[in-house]
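Data from upload14.csv: CSV, C-alpha atoms
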chain,number,residue,atom,x,y,z
R,1,ILE,CA,100.7,4.0,-90.4
R,2,LEU,CA,98.8,0.8,-90.0
R,3,ASN,CA,98.1,-1.0,-86.7
R,4,ARG,CA,97.9,-4.7,-86.4
R,5,LYS,CA,94.2,-4.7,-87.4
R,6,GLY,CA,95.0,-2.8,-90.6
R,7,GLU,CA,93.4,0.4,-89.3
R,8,ILE,CA,94.8,3.8,-90.2
R,9,LYS,CA,96.5,5.7,-87.4
R,10,MET,CA,97.7,9.2,-88.3
R,11,LYS,CA,100.0,11.3,-86.4
R,12,LYS,CA,98.7,14.8,-86.0
R,13,LYS,CA,101.7,16.4,-87.6
R,14,CYS,CA,100.9,14.7,-91.0
R,15,GLY,CA,99.6,17.2,-93.4
R,16,LYS,CA,96.7,16.8,-95.8
R,17,LEU,CA,99.0,15.8,-98.7
R,18,SER,CA,100.7,13.1,-96.7
R,19,LYS,CA,97.3,11.7,-95.7
R,20,THR,CA,96.3,11.5,-99.4
R,21,ILE,CA,99.5,9.8,-100.5
R,22,LEU,CA,99.2,7.3,-97.6
R,23,LEU,CA,95.6,6.5,-98.5
R,24,ILE,CA,96.5,5.8,-102.1
R,25,LEU,CA,99.3,3.5,-101.1
R,26,ILE,CA,97.0,1.6,-98.7
R,27,LEU,CA,94.3,1.2,-101.4
R,28,THR,CA,96.9,0.0,-103.9
R,29,LEU,CA,98.2,-2.6,-101.4
R,30,ALA,CA,94.7,-3.8,-100.7
R,31,LEU,CA,94.0,-4.3,-104.4
R,32,THR,CA,97.2,-6.3,-105.0
R,33,ALA,CA,97.4,-8.3,-101.8
R,34,CYS,CA,95.5,-11.2,-103.3
R,35,ASN,CA,98.5,-12.4,-105.3
R,36,GLY,CA,101.3,-10.8,-103.3
R,37,GLN,CA,103.4,-10.4,-106.5
R,38,GLU,CA,102.6,-6.9,-107.6
R,39,LYS,CA,105.3,-4.3,-107.2
R,40,VAL,CA,104.2,-0.7,-106.9
R,41,GLU,CA,106.6,2.1,-107.8
R,42,VAL,CA,105.8,5.7,-107.1
R,43,ALA,CA,107.6,8.3,-109.2
R,44,ASP,CA,109.3,11.1,-107.3
R,45,ASN,CA,108.6,13.4,-110.2
R,46,PRO,CA,106.2,12.2,-113.0
R,47,ASP,CA,107.2,15.2,-115.1
R,48,GLU,CA,110.8,13.9,-115.3
R,49,ILE,CA,109.7,10.6,-116.7
R,50,LYS,CA,107.7,12.3,-119.4
R,51,GLN,CA,110.7,14.4,-120.3
R,52,ASP,CA,112.9,11.2,-120.5
R,53,GLU,CA,110.5,9.7,-123.0
R,54,ILE,CA,111.2,12.5,-125.5
R,55,LYS,CA,113.9,11.4,-127.9
R,56,ILE,CA,116.2,14.2,-128.9
R,57,ASN,CA,117.9,14.1,-132.3
R,58,GLU,CA,121.6,14.3,-131.6
R,59,ASP,CA,122.5,16.1,-134.9
R,60,THR,CA,120.1,19.0,-134.3
R,61,GLY,CA,119.0,19.1,-130.7
R,62,LEU,CA,115.4,19.0,-131.9
R,63,ALA,CA,112.8,16.6,-130.4
R,64,TYR,CA,112.1,13.5,-132.5
R,65,GLU,CA,108.5,13.0,-133.5
R,66,GLY,CA,108.5,9.9,-135.8
R,67,THR,CA,109.9,8.2,-138.8
R,68,MET,CA,108.4,7.7,-142.3
R,69,GLU,CA,106.9,4.2,-142.7
R,70,LEU,CA,108.6,2.2,-145.5
R,71,LYS,CA,107.3,-1.2,-146.5
R,72,TYR,CA,109.9,-2.3,-149.0
R,73,ALA,CA,112.6,0.4,-149.4
R,74,ASN,CA,115.8,-0.1,-147.3
R,75,SER,CA,118.2,2.5,-148.7
R,76,PHE,CA,116.8,5.8,-147.2
R,77,SER,CA,115.0,7.0,-144.2
R,78,VAL,CA,113.1,10.2,-143.2
R,79,ASP,CA,112.8,11.3,-139.6
R,80,TYR,CA,110.4,14.0,-138.5
R,81,LEU,CA,111.5,16.5,-135.9
R,82,GLU,CA,109.6,19.1,-133.9
R,83,GLY,CA,108.6,22.3,-135.8
R,84,GLY,CA,108.3,20.6,-139.2
R,85,TYR,CA,112.0,19.8,-139.7
R,86,LYS,CA,112.9,16.6,-141.5
R,87,MET,CA,116.1,14.6,-141.5
R,88,ILE,CA,116.8,12.5,-144.6
R,89,THR,CA,119.5,9.8,-144.4
R,90,ASP,CA,120.8,8.1,-147.6
R,91,TRP,CA,122.2,4.6,-148.0
R,92,GLU,CA,125.8,5.8,-147.2
R,93,GLY,CA,124.7,7.5,-144.0
R,94,ASN,CA,124.8,11.1,-145.4
R,95,LYS,CA,122.3,13.3,-143.7
R,96,THR,CA,120.3,16.2,-145.0
R,97,LEU,CA,118.2,18.5,-142.8
R,98,LEU,CA,115.2,20.1,-144.5
R,99,ILE,CA,114.3,23.4,-142.9
R,100,PRO,CA,110.6,24.5,-143.2
R,101,GLU,CA,109.9,27.8,-144.8
R,102,GLY,CA,110.2,30.6,-142.3
R,103,LYS,CA,112.0,28.6,-139.7
R,104,GLU,CA,115.6,29.2,-138.5
R,105,MET,CA,118.5,26.8,-138.8
R,106,PRO,CA,119.2,24.9,-135.6
R,107,ASP,CA,122.7,24.3,-134.3
R,108,VAL,CA,123.6,21.3,-136.5
R,109,GLN,CA,126.8,19.3,-136.7
R,110,ASP,CA,129.2,20.2,-139.5
R,111,GLU,CA,128.7,17.1,-141.6
R,112,ILE,CA,124.9,17.7,-141.9
R,113,THR,CA,123.7,19.2,-145.2
R,114,VAL,CA,121.1,21.9,-144.7
R,115,VAL,CA,118.5,22.6,-147.3
R,116,GLN,CA,116.0,25.5,-147.0
R,117,MET,CA,112.5,24.7,-148.1
R,118,PRO,CA,110.7,25.2,-150.4
R,119,ILE,CA,112.9,23.5,-153.1
R,120,GLU,CA,112.3,25.4,-156.3
R,121,LYS,CA,115.3,24.3,-158.5
R,122,LEU,CA,116.2,20.7,-158.7
R,123,GLY,CA,118.9,18.8,-160.6
R,124,ILE,CA,118.6,15.1,-161.6
R,125,PHE,CA,121.6,13.0,-162.5
R,126,SER,CA,119.5,10.0,-163.7
R,127,ALA,CA,116.3,9.6,-165.7
R,128,THR,CA,114.9,7.3,-162.9
R,129,HIS,CA,114.8,10.3,-160.6
R,130,MET,CA,112.2,11.9,-162.8
R,131,THR,CA,109.9,8.9,-162.5
R,132,ASP,CA,109.6,9.7,-158.7
R,133,LEU,CA,108.7,13.3,-159.5
R,134,ARG,CA,106.2,12.9,-162.3
R,135,PRO,CA,103.4,11.2,-160.2
R,136,LEU,CA,103.5,14.2,-157.8
R,137,ASP,CA,103.3,16.8,-160.6
R,138,LEU,CA,106.9,18.1,-159.8
R,139,LEU,CA,108.5,18.1,-163.3
R,140,ASP,CA,108.4,21.9,-163.2
R,141,LYS,CA,111.0,21.8,-160.4
R,142,ILE,CA,113.7,20.2,-162.6
R,143,ILE,CA,116.1,22.7,-164.1
R,144,ILE,CA,119.2,20.5,-165.1
R,145,THR,CA,119.7,16.9,-166.2
R,146,THR,CA,122.5,14.7,-167.4
R,147,THR,CA,120.2,12.8,-169.8
R,148,GLU,CA,120.2,14.1,-173.4
R,149,ARG,CA,117.0,15.3,-175.0
R,150,ASP,CA,116.8,12.5,-177.5
R,151,LYS,CA,117.4,9.8,-174.9
R,152,TRP,CA,114.3,10.7,-172.9
R,153,GLN,CA,111.4,8.4,-173.5
R,154,ILE,CA,109.0,10.8,-171.8
R,155,PRO,CA,107.6,13.5,-174.0
R,156,GLU,CA,107.1,16.0,-171.1
R,157,MET,CA,110.8,16.1,-170.5
R,158,GLN,CA,111.6,16.6,-174.1
R,159,GLN,CA,109.1,19.5,-174.2
R,160,LEU,CA,110.7,21.1,-171.1
R,161,MET,CA,114.1,20.9,-172.7
R,162,ASP,CA,112.8,22.3,-176.0
R,163,GLU,CA,111.3,25.2,-174.1
R,164,GLY,CA,114.6,25.9,-172.4
R,165,LYS,CA,113.3,25.1,-168.9
R,166,VAL,CA,115.6,22.2,-168.4
R,167,THR,CA,119.3,22.3,-169.4
R,168,TYR,CA,121.5,19.4,-170.3
R,169,VAL,CA,124.7,19.7,-168.3
R,170,GLY,CA,126.8,16.9,-169.8
R,171,LYS,CA,127.3,13.3,-169.0
R,172,ASN,CA,127.4,11.9,-165.5
R,173,SER,CA,131.0,11.0,-165.9
R,174,ALA,CA,132.0,14.5,-167.0
R,175,PRO,CA,129.4,17.1,-166.1
R,176,ASP,CA,129.8,20.7,-167.0
R,177,TYR,CA,130.3,22.3,-163.6
R,178,GLU,CA,130.1,25.8,-164.9
R,179,LEU,CA,126.6,25.2,-166.3
R,180,ILE,CA,125.6,23.6,-163.0
R,181,GLU,CA,127.0,26.5,-161.0
R,182,ALA,CA,125.2,29.0,-163.3
R,183,ALA,CA,121.9,27.1,-162.9
R,184,ASP,CA,122.3,27.3,-159.1
R,185,PRO,CA,120.1,24.4,-158.1
R,186,ASP,CA,118.7,24.2,-154.6
R,187,LEU,CA,119.4,20.5,-154.6
R,188,VAL,CA,120.8,17.7,-156.9
R,189,LEU,CA,119.6,14.1,-156.8
R,190,ILE,CA,122.6,11.9,-157.8
R,191,THR,CA,122.8,8.1,-157.9
R,192,THR,CA,125.9,7.6,-155.8
R,193,GLY,CA,128.0,4.5,-156.0
R,194,THR,CA,127.6,4.1,-159.8
R,195,THR,CA,128.8,5.8,-162.9
R,196,HIS,CA,125.8,8.0,-162.5
R,197,GLY,CA,127.3,9.5,-159.4
R,198,LYS,CA,131.0,9.0,-159.0
R,199,GLU,CA,132.7,10.1,-155.8
R,200,GLU,CA,134.7,12.8,-157.5
R,201,THR,CA,131.5,14.4,-158.7
R,202,THR,CA,130.1,14.7,-155.2
R,203,ILE,CA,133.5,15.9,-153.9
R,204,LYS,CA,133.4,18.6,-156.5
R,205,PHE,CA,129.8,19.5,-155.5
R,206,ASP,CA,131.0,19.9,-151.9
R,207,GLU,CA,133.8,22.2,-153.0
R,208,MET,CA,131.3,24.3,-155.0
R,209,GLY,CA,128.6,24.4,-152.3
R,210,ILE,CA,126.2,22.4,-154.4
R,211,LYS,CA,123.9,20.5,-152.1
R,212,TRP,CA,123.0,16.9,-153.1
R,213,ILE,CA,121.3,13.7,-151.8
R,214,GLY,CA,122.5,10.2,-152.7
R,215,HIS,CA,119.6,8.5,-154.6
R,216,ALA,CA,119.9,4.7,-154.3
R,217,SER,CA,116.7,3.1,-155.6
R,218,HIS,CA,119.1,0.9,-157.7
R,219,ARG,CA,120.1,-0.8,-154.4
R,220,GLU,CA,116.6,-2.1,-153.8
R,221,MET,CA,116.3,-5.8,-154.5
R,222,ASP,CA,112.5,-5.6,-154.7
R,223,PRO,CA,110.8,-3.6,-157.5
R,224,ARG,CA,108.3,-2.4,-154.9
R,225,GLY,CA,111.2,-1.0,-153.0
R,226,ARG,CA,112.2,1.0,-156.0
R,227,LEU,CA,108.7,2.2,-156.4
R,228,GLU,CA,108.6,3.4,-152.8
R,229,TRP,CA,111.3,6.0,-153.5
R,230,VAL,CA,108.4,8.2,-154.6
R,231,LYS,CA,108.1,8.8,-150.9
R,232,LEU,CA,111.4,10.6,-150.8
R,233,ALA,CA,110.2,13.0,-153.4
R,234,GLY,CA,107.1,13.5,-151.3
R,235,ALA,CA,109.2,14.4,-148.3
R,236,LEU,CA,111.3,16.8,-150.3
R,237,PHE,CA,108.3,18.7,-151.4
R,238,ASP,CA,105.8,18.3,-148.5
R,239,LYS,CA,103.8,15.9,-150.6
R,240,GLU,CA,103.9,12.8,-148.4
R,241,ASP,CA,100.2,12.2,-148.6
R,242,GLU,CA,100.2,12.3,-152.4
R,243,ALA,CA,103.2,10.0,-152.5
R,244,GLU,CA,101.6,7.5,-150.1
R,245,GLU,CA,98.4,7.5,-152.2
R,246,PHE,CA,100.2,6.8,-155.4
R,247,PHE,CA,102.4,4.1,-153.9
R,248,GLU,CA,99.4,2.2,-152.4
R,249,ALA,CA,97.5,2.4,-155.7
R,250,GLN,CA,100.4,0.8,-157.5
R,251,LEU,CA,100.7,-1.9,-154.9
R,252,GLU,CA,97.1,-2.7,-155.5
R,253,LYS,CA,97.8,-3.2,-159.2
R,254,ILE,CA,100.7,-5.5,-158.4
R,255,GLU,CA,98.6,-7.5,-156.0
R,256,GLU,CA,96.0,-8.0,-158.7
R,257,ILE,CA,98.6,-9.4,-161.0
R,258,GLU,CA,100.0,-11.7,-158.3
R,259,LYS,CA,96.4,-13.0,-157.7
R,260,LYS,CA,95.9,-13.7,-161.4
R,261,ALA,CA,99.3,-15.4,-161.6
R,262,LYS,CA,98.3,-17.7,-158.7
R,263,GLU,CA,95.0,-18.5,-160.3
R,264,ILE,CA,96.7,-19.6,-163.5
R,265,GLY,CA,98.9,-21.9,-161.4
R,266,GLU,CA,101.4,-23.1,-164.0
R,267,ARG,CA,104.6,-21.1,-163.9
R,268,GLU,CA,106.8,-20.7,-167.0
R,269,ASN,CA,110.5,-20.3,-166.4
R,270,PHE,CA,112.5,-17.4,-167.7
R,271,ALA,CA,116.1,-16.1,-168.1
R,272,SER,CA,117.4,-12.5,-168.4
R,273,THR,CA,120.7,-11.6,-170.0
R,274,PHE,CA,122.6,-9.3,-172.4
R,275,LEU,CA,125.8,-9.6,-174.3
R,276,SER,CA,129.0,-7.5,-174.1
R,277,GLY,CA,131.7,-8.7,-176.4
R,278,ASP,CA,132.4,-12.3,-175.5
R,279,VAL,CA,130.9,-12.0,-172.0
R,280,TYR,CA,127.3,-12.5,-171.0
R,281,TYR,CA,125.7,-10.7,-168.1
R,282,VAL,CA,123.0,-12.7,-166.4
R,283,ARG,CA,120.6,-11.4,-163.7
R,284,ASN,CA,121.3,-12.7,-160.2
R,285,LYS,CA,118.4,-14.4,-158.5
R,286,GLY,CA,118.2,-11.6,-155.9
R,287,ASP,CA,117.9,-8.8,-158.4
R,288,TYR,CA,114.8,-6.6,-158.6
R,289,GLU,CA,114.1,-7.5,-162.2
R,290,VAL,CA,113.9,-11.2,-161.4
R,291,LYS,CA,111.6,-10.4,-158.5
R,292,MET,CA,109.4,-8.3,-160.9
R,293,PHE,CA,109.0,-11.2,-163.3
R,294,GLU,CA,108.3,-13.6,-160.4
R,295,LEU,CA,105.5,-11.3,-159.2
R,296,ALA,CA,104.0,-11.7,-162.6
R,297,GLY,CA,104.1,-15.5,-162.3
R,298,GLY,CA,107.5,-16.5,-163.7
R,299,GLU,CA,109.9,-18.9,-162.2
R,300,TYR,CA,113.6,-18.1,-162.6
R,301,ILE,CA,115.6,-20.8,-164.3
R,302,LEU,CA,118.7,-20.1,-162.3
R,303,PRO,CA,117.5,-20.2,-158.7
R,304,GLU,CA,120.9,-20.8,-157.2
R,305,LEU,CA,122.6,-17.8,-159.0
R,306,ASN,CA,123.4,-15.4,-156.0
R,307,PRO,CA,119.9,-15.3,-154.4
R,308,GLU,CA,121.1,-12.7,-151.9
R,309,GLU,CA,122.6,-10.3,-154.5
R,310,ASP,CA,121.2,-7.8,-157.0
R,311,GLY,CA,122.9,-7.0,-160.4
R,312,ASN,CA,124.4,-9.4,-162.8
R,313,THR,CA,126.9,-12.3,-162.9
R,314,LYS,CA,129.3,-12.7,-165.8
R,315,MET,CA,129.3,-16.0,-167.8
R,316,ASN,CA,130.9,-17.4,-170.9
R,317,ALA,CA,128.8,-18.9,-173.7
R,318,GLU,CA,129.2,-22.5,-172.5
R,319,GLU,CA,128.1,-21.6,-168.9
R,320,LEU,CA,125.1,-19.6,-170.1
R,321,TYR,CA,123.9,-22.2,-172.6
R,322,LYS,CA,124.1,-24.9,-169.9
R,323,GLY,CA,122.0,-22.8,-167.6
R,324,ILE,CA,119.3,-21.5,-169.9
R,325,GLU,CA,119.0,-24.2,-172.6
R,326,ASN,CA,115.4,-25.1,-171.6
R,327,THR,CA,114.1,-21.7,-170.7
R,328,ASP,CA,110.5,-20.9,-171.8
R,329,ILE,CA,111.0,-17.2,-172.0
R,330,LEU,CA,114.2,-15.2,-172.7
R,331,PHE,CA,114.5,-11.5,-171.8
R,332,TYR,CA,117.3,-9.7,-173.5
R,333,ASN,CA,118.4,-6.2,-172.2
R,334,ASN,CA,118.7,-3.9,-175.2
R,335,LEU,CA,119.7,-0.9,-173.1
R,336,ASN,CA,123.0,-2.4,-172.1
R,337,GLY,CA,123.8,-4.9,-174.8
R,338,PRO,CA,123.9,-4.7,-178.6
R,339,SER,CA,120.5,-3.8,-180.0
R,340,ILE,CA,118.5,-6.9,-180.8
R,341,GLN,CA,115.5,-6.4,-183.0
R,342,SER,CA,114.8,-9.9,-184.2
R,343,ILE,CA,115.7,-13.6,-183.6
R,344,SER,CA,118.1,-13.3,-186.6
R,345,ASP,CA,119.9,-10.4,-184.8
R,346,LEU,CA,120.1,-12.6,-181.6
R,347,VAL,CA,121.5,-15.6,-183.4
R,348,SER,CA,123.9,-13.5,-185.5
R,349,ASN,CA,125.5,-12.3,-182.2
R,350,ALA,CA,125.6,-15.7,-180.7
R,351,GLU,CA,124.8,-18.8,-182.7
R,352,PHE,CA,124.1,-21.1,-179.7
R,353,PHE,CA,120.9,-19.0,-179.0
R,354,ALA,CA,119.3,-20.9,-181.9
R,355,ASP,CA,119.3,-24.0,-179.8
R,356,ILE,CA,117.6,-22.5,-176.8
R,357,LYS,CA,114.0,-23.6,-176.2
R,358,ALA,CA,112.6,-20.0,-176.1
R,359,VAL,CA,114.2,-19.2,-179.4
R,360,LYS,CA,113.2,-22.4,-181.2
R,361,GLU,CA,109.6,-22.1,-180.1

Rewritten as structure tokens:
Amino acid sequence: ILNRKGEIKMKKKCGKLSKTILLILILTLALTACNGQEKVEVADNPDEIKQDEIKINEDTGLAYEGTMELKYANSFSVDYLEGGYKMITDWEGNKTLLIPEGKEMPDVQDEITVVQMPIEKLGIFSATHMTDLRPLDLLDKIIITTTERDKWQIPEMQQLMDEGKVTYVGKNSAPDYELIEAADPDLVLITTGTTHGKEETTIKFDEMGIKWIGHASHREMDPRGRLEWVKLAGALFDKEDEAEEFFEAQLEKIEEIEKKAKEIGERENFASTFLSGDVYYVRNKGDYEVKMFELAGGEYILPELNPEEDGNTKMNAEELYKGIENTDILFYNNLNGPSIQSISDLVSNAEFFADIKAVKE
């Protein structure tokens, strides 16, 4: 209690603790009186505030500890929970809980997929999945694939298939479920939302009890976002540090190329297309491939072609010629279109290509 002079007057019945609290309040008021605007709040129970700051994962009841940092990738996330548990969320919102070795399964919601670590047997339903595993020395974890032996461009995978360590289980559109069941993978990576991972395949997996994660690096509109999916592989196999180191090393290489491109100054324009019957598929401005060429110093000749979308746009011959007639560099996608091995092959498929600047020069 203060008298008019600001002196402390205590009632005898005040205990030692009350005196201490009162003194703290007086000192606080004295320090803030100069501006008269400070508001001091005293917590009834500081421990309760500390508890309120702990974010609880609603799907597991485990305390949230943090989220994996992603610089470019937008189509997956990894949340870290107390006790070493990890929650992976794919682009469609499907969630997979990774349980550390030796730990018990928490009380999770029914729609959550639960995978016990370590993962020793992995299935991949696209060749691109392997490229996330190779930098982390994880090829020995692959046991099944939907890419035929002769279509692999990577000798290590061909050798693993020759040795019988990796089994071809049929095409993505019609996999051999009996072979998959016999292999009994701990987890399958499948590119959902495409022919590489149709909904009927994942529905069948659910019926069989085959656990899967929707891999969606194809949805990234920046090539660095696709590259960053190596961090998902790192999370699955407790190799986050190795994945981060690899990713940052590749970013440095890209930055070096960007720097050289800027030093050159002059930017040549380019186009990217492939033929399918009488229809031409042309890369949208927002596609990762266009961004990749731009990082290397190119300038896309069709800057208004769907700058916010990835993938391709269909065009007829007249539309395509009008758009790319003066292109300096022409990229043709041999994987999707008819194989082009020479300029004569290109012109034989479409005569108007002979009049395009890149072909003439």

Skipping near chain neighbours, those fewer than 2 positions away, what residues fall within 7 Å of stretch 224-228 of chain R using only C-alpha atoms, listed as a PyMOL selection string?
chain R and resi 72-73+217+220+222+230-231+247

What does the structure give for the distance between atom CA of R:Gly277 and atom CA of R:Thr313, in Å to one decimal?
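Computed distance, atom CA of R:Gly277 to atom CA of R:Thr313, equals 14.8 Å.
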
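Distance-wise, atom CA of R:Ile54 and atom CA of R:Thr96 end up 21.8 Å apart.
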
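If all atoms listed in the file are the atoms counted, then among R:Thr273, R:Thr191, R:Pro118, R:Phe331 the closest residue to R:Ser173 is R:Thr191.
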
One decimal, Å: what's the distance from atom CA of R:Glu244 over to atom CA of R:Val166, could you say?
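About the pair atom CA of R:Glu244 and atom CA of R:Val166: they are 27.3 Å apart.
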
Exercise: residues within 12 Å of coordinate (131.5, 13.5, -156.8), counting only C-alpha atoms, as a VMD selection string:
chain R and resid 125 172 to 175 177 188 to 208 210 to 214

Quick one: residues within 8 Å of R:Ala271, all atoms listed in the file counted, chain neighbours fewer than 4 positions away excluded, as a PDB file with C-alpha atoms, keeping the file's coordinate frame?
ATOM      1  CA  VAL R 282     123.000 -12.700-166.400  1.00  0.00           C
ATOM      2  CA  ARG R 283     120.600 -11.400-163.700  1.00  0.00           C
ATOM      3  CA  TYR R 300     113.600 -18.100-162.600  1.00  0.00           C
ATOM      4  CA  ILE R 301     115.600 -20.800-164.300  1.00  0.00           C
ATOM      5  CA  LEU R 302     118.700 -20.100-162.300  1.00  0.00           C
ATOM      6  CA  ILE R 324     119.300 -21.500-169.900  1.00  0.00           C
ATOM      7  CA  THR R 327     114.100 -21.700-170.700  1.00  0.00           C
ATOM      8  CA  ILE R 329     111.000 -17.200-172.000  1.00  0.00           C
ATOM      9  CA  LEU R 330     114.200 -15.200-172.700  1.00  0.00           C
ATOM     10  CA  PHE R 331     114.500 -11.500-171.800  1.00  0.00           C
TER      11      PHE R 331
END

With distances taken over only C-alpha atoms, the candidate from R:Lys103, R:Lys55, R:Lys239, R:Lys151 nearest R:Asp132 is R:Lys239

List the spatial neighbours of R:Phe237 as a count of residues only - criterion: any atom at most 10 Å away, all atoms listed in the file, same-chain residues fewer than 3 positions off excluded.
14

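Across R:Val169, R:Met292, R:Ala235, R:Leu122, the tightest approach to R:Pro100 is made by R:Ala235 when counting all atoms listed in the file.
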
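Take the candidates R:Thr67, R:Gln153, R:Thr60, R:Thr146 and check each one against R:Tyr168 using only C-alpha atoms; the shortest distance goes to R:Thr146.
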
Could you tell me which of R:Glu148, R:Asp137, R:Glu294, R:Asp287 comes closest to R:Glu268 if we count only C-alpha atoms?
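The answer is R:Glu294, which sits nearest to R:Glu268.
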
Measuring atom to atom with all atoms listed in the file, identify which of R:Leu346, R:Ala216, R:Leu295, R:Met221 is nearest to R:Glu255.
R:Leu295

Residue neighbourhood R:Asp79, 10 Å, all atoms listed in the file, exclusion window fewer than 4 positions, as a list of chain:residue names:
R:Asn57, R:Tyr64, R:Glu65, R:Gly66, R:Thr67, R:Met68, R:Glu69, R:Tyr85, R:Lys86, R:Met87, R:Ile88, R:Thr89, R:Leu97, R:Ala235

Residues as selected, C-alpha atoms, written as a PDB file, in the frame of the given file, can you do that?
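Okay, result_35.pdb is ready:
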ATOM      1  CA  ASN R  57     117.900  14.100-132.300  1.00  0.00           C
ATOM      2  CA  TYR R  64     112.100  13.500-132.500  1.00  0.00           C
ATOM      3  CA  GLU R  65     108.500  13.000-133.500  1.00  0.00           C
ATOM      4  CA  GLY R  66     108.500   9.900-135.800  1.00  0.00           C
ATOM      5  CA  THR R  67     109.900   8.200-138.800  1.00  0.00           C
ATOM      6  CA  MET R  68     108.400   7.700-142.300  1.00  0.00           C
ATOM      7  CA  GLU R  69     106.900   4.200-142.700  1.00  0.00           C
ATOM      8  CA  TYR R  85     112.000  19.800-139.700  1.00  0.00           C
ATOM      9  CA  LYS R  86     112.900  16.600-141.500  1.00  0.00           C
ATOM     10  CA  MET R  87     116.100  14.600-141.500  1.00  0.00           C
ATOM     11  CA  ILE R  88     116.800  12.500-144.600  1.00  0.00           C
ATOM     12  CA  THR R  89     119.500   9.800-144.400  1.00  0.00           C
ATOM     13  CA  LEU R  97     118.200  18.500-142.800  1.00  0.00           C
ATOM     14  CA  ALA R 235     109.200  14.400-148.300  1.00  0.00           C
TER      15      ALA R 235
END
